[in-house]
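S.K.: My structure is stored as coords.tsv, with TSV, C-alpha atoms.
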chain	number	residue	atom	x	y	z
I	1	MET	CA	106.71	103.26	108.96
I	2	LEU	CA	105.91	99.90	110.53
I	3	LYS	CA	102.48	99.65	112.11
I	4	ALA	CA	101.39	96.91	114.52
I	5	CYS	CA	97.95	95.45	113.74
I	6	LEU	CA	97.15	94.12	117.17
I	7	ASN	CA	94.02	92.00	116.93
I	8	GLY	CA	91.72	92.45	113.93
I	9	THR	CA	88.87	89.95	113.99
I	10	ARG	CA	90.97	87.31	115.78
I	11	ARG	CA	89.49	85.30	118.64
I	12	LEU	CA	91.23	83.86	121.67
I	13	ASP	CA	90.63	80.36	120.37
I	14	GLU	CA	92.82	81.30	117.39
I	15	HIS	CA	95.68	82.61	119.53
I	16	PRO	CA	95.86	83.06	123.32
I	17	ALA	CA	97.84	86.31	123.06
I	18	VAL	CA	95.27	88.23	121.01
I	19	PRO	CA	94.59	91.45	122.97
I	20	LEU	CA	90.89	92.23	123.38
I	21	THR	CA	90.31	94.46	126.41
I	22	PRO	CA	91.52	98.07	126.64
I	23	ALA	CA	94.15	97.02	129.20
I	24	GLU	CA	95.39	94.21	126.97
I	25	LEU	CA	95.52	96.47	123.93
I	26	ALA	CA	97.44	99.08	125.91
I	27	ALA	CA	99.99	96.61	127.25
I	28	ASP	CA	100.49	95.11	123.79
I	29	ALA	CA	100.83	98.55	122.21
I	30	VAL	CA	103.59	99.41	124.70
I	31	ARG	CA	105.45	96.19	123.92
I	32	CYS	CA	105.17	96.77	120.18
I	33	ALA	CA	106.24	100.40	120.44
I	34	THR	CA	109.22	99.37	122.54
I	35	ALA	CA	110.08	96.82	119.85
I	36	GLY	CA	110.04	99.57	117.23
I	37	VAL	CA	106.64	100.25	115.63
I	38	ALA	CA	105.58	103.80	114.83
I	39	ALA	CA	101.81	103.28	115.19
I	40	VAL	CA	99.21	100.71	116.21
I	41	HIS	CA	95.91	99.64	114.66
I	42	ALA	CA	93.23	97.96	116.77
I	43	HIS	CA	89.70	96.63	116.56
I	44	PRO	CA	88.16	97.63	119.92
I	45	ARG	CA	85.77	95.14	121.52
I	46	ASP	CA	82.83	95.50	123.87
I	47	ASP	CA	82.53	93.61	127.16
I	48	GLY	CA	81.35	90.52	125.29
I	49	GLY	CA	84.39	90.52	122.99
I	50	THR	CA	82.47	91.77	119.93
I	51	GLU	CA	83.94	94.46	117.67
I	52	SER	CA	82.20	97.77	118.19
I	53	LEU	CA	82.16	101.39	117.05
I	54	ASP	CA	80.25	102.48	120.14
I	55	PRO	CA	81.69	105.75	121.51
I	56	ALA	CA	82.37	104.25	124.94
I	57	VAL	CA	84.18	101.25	123.46
I	58	ILE	CA	86.33	103.37	121.15
I	59	ALA	CA	87.09	105.81	123.97
I	60	ALA	CA	88.13	103.08	126.38
I	61	ALA	CA	90.56	101.45	123.95
I	62	VAL	CA	92.09	104.64	122.55
I	63	THR	CA	92.45	106.23	126.00
I	64	ALA	CA	94.06	103.14	127.49
I	65	ILE	CA	96.67	102.99	124.72
I	66	ARG	CA	97.40	106.72	124.91
I	67	ASP	CA	97.73	106.64	128.69
I	68	ALA	CA	100.12	103.69	128.49
I	69	ARG	CA	102.20	105.08	125.61
I	70	PRO	CA	101.72	108.84	125.15
I	71	GLY	CA	102.41	110.04	121.63
I	72	LEU	CA	101.93	106.68	119.93
I	73	PRO	CA	99.48	107.14	117.03
I	74	VAL	CA	96.40	104.93	117.43
I	75	GLY	CA	94.07	103.80	114.67
I	76	VAL	CA	90.87	101.77	114.50
I	77	SER	CA	88.83	99.96	111.87
I	78	THR	CA	85.43	101.03	110.54
I	79	GLY	CA	84.79	97.78	108.67
I	80	ALA	CA	81.21	97.28	107.49
I	81	TRP	CA	81.01	93.95	109.32
I	82	ILE	CA	81.16	95.89	112.61
I	83	VAL	CA	78.11	98.06	111.84
I	84	PRO	CA	76.55	96.93	108.55
I	85	ASP	CA	74.22	99.90	108.05
I	86	PRO	CA	76.23	102.73	106.41
I	87	ALA	CA	74.17	105.51	108.02
I	88	GLU	CA	74.58	103.96	111.46
I	89	ARG	CA	78.31	103.56	110.86
I	90	ALA	CA	78.73	107.23	109.97
I	91	ALA	CA	76.55	108.23	112.92
I	92	ALA	CA	78.71	106.18	115.26
I	93	VAL	CA	81.81	108.03	114.06
I	94	ARG	CA	80.10	111.38	114.59
I	95	ALA	CA	79.23	110.33	118.15
I	96	TRP	CA	82.78	109.39	119.18
I	97	THR	CA	83.86	111.28	122.29
I	98	VAL	CA	87.53	110.29	122.09
I	99	LEU	CA	89.03	110.39	118.60
I	100	PRO	CA	91.69	108.00	117.28
I	101	ASP	CA	94.51	109.47	115.24
I	102	PHE	CA	93.44	107.57	112.13
I	103	ALA	CA	90.81	105.11	110.98
I	104	SER	CA	90.62	102.75	108.03
I	105	VAL	CA	87.69	102.78	105.60
I	106	ASN	CA	87.37	100.02	103.00
I	107	ALA	CA	86.59	101.81	99.76
I	108	HIS	CA	84.59	98.92	98.28
I	109	GLU	CA	82.08	98.81	101.14
I	110	PRO	CA	78.62	100.41	100.90
I	111	GLY	CA	78.66	103.84	102.51
I	112	ALA	CA	82.45	104.10	102.53
I	113	ALA	CA	82.44	107.67	101.20
I	114	GLU	CA	80.00	108.77	103.90
I	115	VAL	CA	82.03	107.13	106.66
I	116	ALA	CA	85.22	108.73	105.34
I	117	ALA	CA	83.48	112.11	105.29
I	118	ALA	CA	82.34	111.67	108.89
I	119	LEU	CA	85.89	110.87	109.97
I	120	TYR	CA	87.29	113.84	108.08
I	121	GLU	CA	84.69	116.15	109.65
I	122	ARG	CA	85.85	114.98	113.08
I	123	GLY	CA	89.53	115.58	112.24
I	124	VAL	CA	90.47	111.89	112.09
I	125	MET	CA	92.95	110.95	109.37
I	126	VAL	CA	91.32	108.63	106.84
I	127	GLU	CA	93.11	105.51	105.62
I	128	ALA	CA	91.55	104.34	102.35
I	129	GLY	CA	91.55	100.55	102.28
I	130	LEU	CA	91.97	99.29	98.72
I	131	TRP	CA	91.50	95.54	98.20
I	132	THR	CA	91.22	95.56	94.38
I	133	PRO	CA	92.00	97.85	91.43
I	134	ALA	CA	88.25	98.54	91.20
I	135	ALA	CA	88.37	99.89	94.75
I	136	VAL	CA	90.84	102.52	93.54
I	137	ASP	CA	88.12	103.93	91.29
I	138	ALA	CA	85.65	103.94	94.17
I	139	TRP	CA	88.12	105.77	96.39
I	140	ARG	CA	88.87	108.37	93.72
I	141	ARG	CA	85.18	109.33	93.70
I	142	TRP	CA	85.30	110.30	97.37
I	143	SER	CA	84.97	113.99	98.13
I	144	THR	CA	87.09	113.43	101.23
I	145	PRO	CA	90.90	113.35	101.08
I	146	ALA	CA	92.70	110.33	102.49
I	147	GLY	CA	95.84	110.76	104.54
I	148	ARG	CA	97.10	107.29	103.70
I	149	VAL	CA	96.27	104.53	101.22
I	150	LEU	CA	96.19	100.92	102.41
I	151	VAL	CA	96.96	98.45	99.64
I	152	GLU	CA	95.54	95.32	101.24
I	153	CYS	CA	96.30	91.99	99.58
I	154	MET	CA	93.63	89.64	100.88
I	155	ALA	CA	94.48	86.57	98.78
I	156	GLU	CA	96.23	83.83	100.71
I	157	GLN	CA	98.00	82.43	97.63
I	158	VAL	CA	101.35	84.21	97.46
I	159	GLU	CA	101.57	84.71	93.70
I	160	THR	CA	98.02	86.07	93.60
I	161	ALA	CA	98.66	88.43	96.51
I	162	LEU	CA	101.81	89.82	94.91
I	163	ALA	CA	100.03	90.24	91.57
I	164	ASP	CA	97.19	92.03	93.34
I	165	ALA	CA	99.70	94.35	95.02
I	166	ALA	CA	101.27	95.24	91.68
I	167	ALA	CA	97.88	95.82	90.04
I	168	ILE	CA	96.51	98.05	92.80
I	169	LEU	CA	99.73	100.05	93.04
I	170	ALA	CA	99.74	100.53	89.26
I	171	ALA	CA	96.15	101.80	89.39
I	172	LEU	CA	96.91	104.55	91.90
I	173	PRO	CA	96.77	108.07	90.50
I	174	GLY	CA	99.77	110.35	90.45
I	175	GLY	CA	100.26	112.39	93.59
I	176	HIS	CA	98.49	109.83	95.75
I	177	PRO	CA	98.90	109.82	99.55
I	178	PRO	CA	101.55	107.68	101.26
I	179	VAL	CA	100.96	103.95	100.75
I	180	LEU	CA	100.95	101.14	103.30
I	181	LEU	CA	101.17	97.69	101.68
I	182	HIS	CA	100.38	94.46	103.53
I	183	GLY	CA	99.14	90.91	103.05
I	184	GLU	CA	97.32	88.37	105.17
I	185	GLY	CA	97.68	84.71	106.06
I	186	PRO	CA	100.32	82.76	104.10
I	187	ALA	CA	101.00	85.84	101.93
I	188	THR	CA	101.82	88.09	104.89
I	189	TRP	CA	105.59	87.76	104.86
I	190	PRO	CA	106.08	87.73	101.06
I	191	VAL	CA	103.96	90.89	100.75
I	192	TYR	CA	105.84	92.40	103.69
I	193	ALA	CA	109.10	91.77	101.82
I	194	GLU	CA	107.63	93.41	98.73
I	195	ALA	CA	106.65	96.48	100.76
I	196	VAL	CA	110.19	96.74	102.12
I	197	ARG	CA	111.62	96.29	98.60
I	198	ARG	CA	109.43	99.10	97.29
I	199	GLY	CA	110.17	101.37	100.25
I	200	LEU	CA	106.52	101.51	101.33
I	201	HIS	CA	104.95	101.66	104.76
I	202	THR	CA	103.77	98.28	106.00
I	203	ARG	CA	102.39	96.48	109.03
I	204	ILE	CA	102.60	93.26	110.99
I	205	GLY	CA	100.69	91.64	113.81
I	206	LEU	CA	98.35	88.88	114.87
I	207	GLU	CA	95.57	90.40	112.78
I	208	ASP	CA	97.46	89.36	109.65
I	209	THR	CA	99.46	86.27	110.66
I	210	LEU	CA	100.01	83.86	113.53
I	211	LEU	CA	103.36	82.71	112.16
I	212	LEU	CA	106.93	83.98	112.13
I	213	PRO	CA	108.84	84.12	108.83
I	214	ASP	CA	110.22	80.61	109.38
I	215	GLY	CA	106.71	79.20	109.75
I	216	THR	CA	106.83	78.65	113.50
I	217	PRO	CA	104.01	79.98	115.71
I	218	ALA	CA	104.45	83.58	116.88
I	219	PRO	CA	104.19	83.94	120.67
I	220	ASP	CA	102.78	87.46	120.45
I	221	ASN	CA	102.65	90.73	118.54
I	222	ALA	CA	105.94	92.06	119.84
I	223	THR	CA	107.78	88.98	118.56
I	224	LEU	CA	106.25	89.52	115.13
I	225	VAL	CA	107.39	93.14	115.20
I	226	THR	CA	110.94	92.16	116.12
I	227	ALA	CA	111.00	89.56	113.33
I	228	ALA	CA	109.70	92.10	110.83
I	229	LEU	CA	112.31	94.71	111.72
I	230	THR	CA	115.04	92.09	111.61
I	231	ALA	CA	113.90	90.96	108.16
I	232	ALA	CA	113.78	94.55	106.89
I	233	ALA	CA	117.34	95.19	108.06
I	234	ARG	CA	118.80	92.33	106.04
Hey, can you dump this file as structure tokens for me?

M.R.:
Amino acid sequence: MLKACLNGTRRLDEHPAVPLTPAELAADAVRCATAGVAAVHAHPRDDGGTESLDPAVIAAAVTAIRDARPGLPVGVSTGAWIVPDPAERAAAVRAWTVLPDFASVNAHEPGAAEVAAALYERGVMVEAGLWTPAAVDAWRRWSTPAGRVLVECMAEQVETALADAAAILAALPGGHPPVLLHGEGPATWPVYAEAVRRGLHTRIGLEDTLLLPDGTPAPDNATLVTAALTAAAR
């Protein structure tokens, strides 16, 4: 599976094609799905452009994408930087009126287990975000099952990112859920290649990189998707 990560924490001053509004997310999701992705991941924003877990904000983004591309799985982030208080973060999830298909929870963050439990109670598939081998231990203490594991290599130095990928993957227990492996920044494309080599799910998009594999600026998410699928086919 290739997932498009549409915006993340990116701002318009970083790239003019970063989708922020529900309409922009929907249009970008359609373009990426047409290019070949199987799912999209977004960080919905409020009217001021700030990431939010507010029920109305989540509903607007998820509904817009579903209306534009019925059947395309839609996921969101529950990063602690969006709502720092763990109890408030779990309460926000329980208040959602429109549910995404999946949501990522960073296992190392305070309150991660509670947020994952709230998602599971609502019937939202939990993606366990693992940034380090230590995060694997934190995730394994959850009482909530994860539907997918995200091995997220946050180091920008390529050799470090690839070593982190190997260490986290080696720490996973037997019988673990499906794995999605990805990197960020300069390590995005090398880690992408490693995911393809290992036969793992992966992702691409402006959240992770602003550059194509040859180092030139990417015009938009759909171009990144096309480049990723082309690279995987080689």

S.K.: For a quick check of understanding, using only C-alpha atoms, which of I:Ala155, I:Ala38, I:Leu2, I:Ile82 has the smallest distance to Gly199 of chain I?

M.R.: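 Closest candidate: I:Leu2.
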
S.K.: Counting all atoms listed in the file, what is within 10 Å of Cys5 of chain I, bar same-chain residues fewer than 3 positions away, as a ChimeraX atom specification?

M.R.: /I:2,8,29,32,39-43,75-76,203-209,221,225

S.K.: Would you kindly identify which residues have an atom no farther than 10 Å from (84.3, 115.0, 114.7), using only C-alpha atoms and the file's own coordinates, and write them out as a ChimeraX atom specification?

M.R.: /I:93-99,117-124

S.K.: Find the residues around Leu181 of chain I up to 9 Å (all atoms listed in the file counted), leave out those fewer than 5 positions away in its own chain, and share them as a ChimeraX atom specification.

M.R.: /I:149-153,165,191-192,194-195,200-203

S.K.: Need the shell around Asp47 of chain I: protein/DNA/RNA residues with any atom at most 9 Å away, counting only C-alpha atoms. Skip same-chain ones fewer than 3 positions apart. Format as an MDAnalysis selection string?

M.R.: chainID I and resid 21 50 57

S.K.: To one decimal place, how far is atom CA of Arg10 of chain I from atom CA of Gly129 of chain I in Å?

M.R.: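 These two atoms are separated by 18.9 Å.
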
S.K.: Using all atoms listed in the file, which protein or nucleic acid residues come within 6 Å of segment 61-65 of chain I? Drop anything in the same chain fewer than 3 positions from it, and give the result as a tab-separated table (two decimals) with C-alpha atoms, in the coordinates of the input.

M.R.:
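Just written: out-v2.tsv:
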chain	number	residue	atom	x	y	z
I	22	PRO	CA	91.52	98.07	126.64
I	26	ALA	CA	97.44	99.08	125.91
I	58	ILE	CA	86.33	103.37	121.15
I	68	ALA	CA	100.12	103.69	128.49
I	69	ARG	CA	102.20	105.08	125.61

S.K.: For Ala107 of chain I, which of I:Ala92, I:Leu130, I:Ala60, I:Val83 is the closest residue, counting only C-alpha atoms?

M.R.: I:Leu130

S.K.: Mind giving me the straight-line distance from atom CA of Leu212 of chain I to atom CA of Ala23 of chain I in Å, one decimal?

M.R.: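 The value is 25.0 Å.
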
S.K.: Restricting the calculation to all atoms listed in the file, which member of I:Met125, I:Ala163, I:Ala17, I:Leu12 is positioned closest to Pro145 of chain I?

M.R.: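 The closest residue to Pro145 of chain I is I:Met125.
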
S.K.: For segment 42-50 of chain I, what centre and edge lengths in Å (one decimal) does the axis-aligned box get once 3 Å is added on each side of all its listed atoms, as JSON?

M.R.:
{"center_x": 87.3, "center_y": 94.2, "center_z": 121.9, "size_x": 17.9, "size_y": 13.4, "size_z": 16.6}

S.K.: So which one's closest to Ala166 of chain I, I:His182, I:Gly215, I:Glu24, I:Val30? Using all atoms listed in the file, please.

M.R.: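 Closest to Ala166 of chain I, using all atoms listed in the file: I:His182.
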
S.K.: Write segment 81-92 of chain I as a PDB file, in the coordinates of the input, completed to all heavy atoms.

M.R.:
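What ended up in result-v7.pdb:
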ATOM      1  N   TRP I  81      81.495  95.092 108.532  1.00  0.00           N
ATOM      2  CA  TRP I  81      81.010  93.950 109.320  1.00  0.00           C
ATOM      3  C   TRP I  81      80.754  94.350 110.782  1.00  0.00           C
ATOM      4  O   TRP I  81      80.041  93.660 111.490  1.00  0.00           O
ATOM      5  CB  TRP I  81      82.019  92.802 109.254  1.00  0.00           C
ATOM      6  CG  TRP I  81      83.358  93.137 109.831  1.00  0.00           C
ATOM      7  CD1 TRP I  81      83.761  93.013 111.133  1.00  0.00           C
ATOM      8  CD2 TRP I  81      84.475  93.682 109.120  1.00  0.00           C
ATOM      9  NE1 TRP I  81      85.065  93.446 111.292  1.00  0.00           N
ATOM     10  CE2 TRP I  81      85.516  93.861 110.059  1.00  0.00           C
ATOM     11  CE3 TRP I  81      84.693  94.030 107.788  1.00  0.00           C
ATOM     12  CZ2 TRP I  81      86.767  94.379 109.697  1.00  0.00           C
ATOM     13  CZ3 TRP I  81      85.938  94.536 107.436  1.00  0.00           C
ATOM     14  CH2 TRP I  81      86.953  94.714 108.387  1.00  0.00           C
ATOM     15  N   ILE I  82      81.348  95.448 111.233  1.00  0.00           N
ATOM     16  CA  ILE I  82      81.160  95.890 112.610  1.00  0.00           C
ATOM     17  C   ILE I  82      79.769  96.506 112.776  1.00  0.00           C
ATOM     18  O   ILE I  82      79.024  96.171 113.714  1.00  0.00           O
ATOM     19  CB  ILE I  82      82.252  96.883 113.025  1.00  0.00           C
ATOM     20  CG1 ILE I  82      83.648  96.288 112.797  1.00  0.00           C
ATOM     21  CG2 ILE I  82      82.091  97.276 114.502  1.00  0.00           C
ATOM     22  CD1 ILE I  82      84.781  97.273 113.030  1.00  0.00           C
ATOM     23  N   VAL I  83      79.446  97.431 111.884  1.00  0.00           N
ATOM     24  CA  VAL I  83      78.110  98.060 111.840  1.00  0.00           C
ATOM     25  C   VAL I  83      77.677  98.046 110.378  1.00  0.00           C
ATOM     26  O   VAL I  83      78.101  98.903 109.596  1.00  0.00           O
ATOM     27  CB  VAL I  83      78.137  99.504 112.388  1.00  0.00           C
ATOM     28  CG1 VAL I  83      76.755 100.137 112.293  1.00  0.00           C
ATOM     29  CG2 VAL I  83      78.637  99.534 113.829  1.00  0.00           C
ATOM     30  N   PRO I  84      76.865  97.087 109.977  1.00  0.00           N
ATOM     31  CA  PRO I  84      76.550  96.930 108.550  1.00  0.00           C
ATOM     32  C   PRO I  84      75.833  98.114 107.908  1.00  0.00           C
ATOM     33  O   PRO I  84      76.069  98.409 106.737  1.00  0.00           O
ATOM     34  CB  PRO I  84      75.658  95.674 108.524  1.00  0.00           C
ATOM     35  CG  PRO I  84      76.065  94.904 109.745  1.00  0.00           C
ATOM     36  CD  PRO I  84      76.363  95.956 110.780  1.00  0.00           C
ATOM     37  N   ASP I  85      74.964  98.793 108.642  1.00  0.00           N
ATOM     38  CA  ASP I  85      74.220  99.900 108.050  1.00  0.00           C
ATOM     39  C   ASP I  85      75.128 101.115 107.880  1.00  0.00           C
ATOM     40  O   ASP I  85      75.677 101.618 108.872  1.00  0.00           O
ATOM     41  CB  ASP I  85      73.032 100.268 108.934  1.00  0.00           C
ATOM     42  CG  ASP I  85      72.203 101.379 108.320  1.00  0.00           C
ATOM     43  OD1 ASP I  85      71.364 101.080 107.467  1.00  0.00           O
ATOM     44  OD2 ASP I  85      72.429 102.558 108.687  1.00  0.00           O
ATOM     45  N   PRO I  86      75.311 101.613 106.641  1.00  0.00           N
ATOM     46  CA  PRO I  86      76.230 102.730 106.410  1.00  0.00           C
ATOM     47  C   PRO I  86      75.881 103.988 107.201  1.00  0.00           C
ATOM     48  O   PRO I  86      76.770 104.661 107.734  1.00  0.00           O
ATOM     49  CB  PRO I  86      76.128 102.981 104.909  1.00  0.00           C
ATOM     50  CG  PRO I  86      75.683 101.683 104.339  1.00  0.00           C
ATOM     51  CD  PRO I  86      74.764 101.102 105.378  1.00  0.00           C
ATOM     52  N   ALA I  87      74.582 104.310 107.289  1.00  0.00           N
ATOM     53  CA  ALA I  87      74.170 105.510 108.020  1.00  0.00           C
ATOM     54  C   ALA I  87      74.493 105.368 109.506  1.00  0.00           C
ATOM     55  O   ALA I  87      74.952 106.328 110.153  1.00  0.00           O
ATOM     56  CB  ALA I  87      72.686 105.775 107.818  1.00  0.00           C
ATOM     57  N   GLU I  88      74.263 104.186 110.055  1.00  0.00           N
ATOM     58  CA  GLU I  88      74.580 103.960 111.460  1.00  0.00           C
ATOM     59  C   GLU I  88      76.087 104.008 111.698  1.00  0.00           C
ATOM     60  O   GLU I  88      76.544 104.478 112.744  1.00  0.00           O
ATOM     61  CB  GLU I  88      74.027 102.604 111.909  1.00  0.00           C
ATOM     62  CG  GLU I  88      72.510 102.553 111.988  1.00  0.00           C
ATOM     63  CD  GLU I  88      72.009 101.207 112.463  1.00  0.00           C
ATOM     64  OE1 GLU I  88      72.823 100.402 112.960  1.00  0.00           O
ATOM     65  OE2 GLU I  88      70.801 100.950 112.325  1.00  0.00           O
ATOM     66  N   ARG I  89      76.846 103.533 110.733  1.00  0.00           N
ATOM     67  CA  ARG I  89      78.310 103.560 110.860  1.00  0.00           C
ATOM     68  C   ARG I  89      78.818 104.996 110.885  1.00  0.00           C
ATOM     69  O   ARG I  89      79.649 105.360 111.722  1.00  0.00           O
ATOM     70  CB  ARG I  89      78.931 102.765 109.704  1.00  0.00           C
ATOM     71  CG  ARG I  89      80.314 102.250 109.982  1.00  0.00           C
ATOM     72  CD  ARG I  89      80.634 101.023 109.140  1.00  0.00           C
ATOM     73  NE  ARG I  89      80.755 101.288 107.722  1.00  0.00           N
ATOM     74  CZ  ARG I  89      79.900 100.877 106.792  1.00  0.00           C
ATOM     75  NH1 ARG I  89      78.821 100.200 107.133  1.00  0.00           N
ATOM     76  NH2 ARG I  89      80.103 101.146 105.517  1.00  0.00           N
ATOM     77  N   ALA I  90      78.329 105.826 109.984  1.00  0.00           N
ATOM     78  CA  ALA I  90      78.730 107.230 109.970  1.00  0.00           C
ATOM     79  C   ALA I  90      78.270 107.941 111.236  1.00  0.00           C
ATOM     80  O   ALA I  90      79.001 108.772 111.804  1.00  0.00           O
ATOM     81  CB  ALA I  90      78.175 107.927 108.732  1.00  0.00           C
ATOM     82  N   ALA I  91      77.062 107.615 111.701  1.00  0.00           N
ATOM     83  CA  ALA I  91      76.550 108.230 112.920  1.00  0.00           C
ATOM     84  C   ALA I  91      77.393 107.845 114.128  1.00  0.00           C
ATOM     85  O   ALA I  91      77.625 108.670 115.028  1.00  0.00           O
ATOM     86  CB  ALA I  91      75.094 107.821 113.147  1.00  0.00           C
ATOM     87  N   ALA I  92      77.855 106.611 114.159  1.00  0.00           N
ATOM     88  CA  ALA I  92      78.710 106.180 115.260  1.00  0.00           C
ATOM     89  C   ALA I  92      79.988 107.001 115.300  1.00  0.00           C
ATOM     90  O   ALA I  92      80.434 107.446 116.367  1.00  0.00           O
ATOM     91  CB  ALA I  92      79.033 104.690 115.115  1.00  0.00           C
TER      92      ALA I  92
END
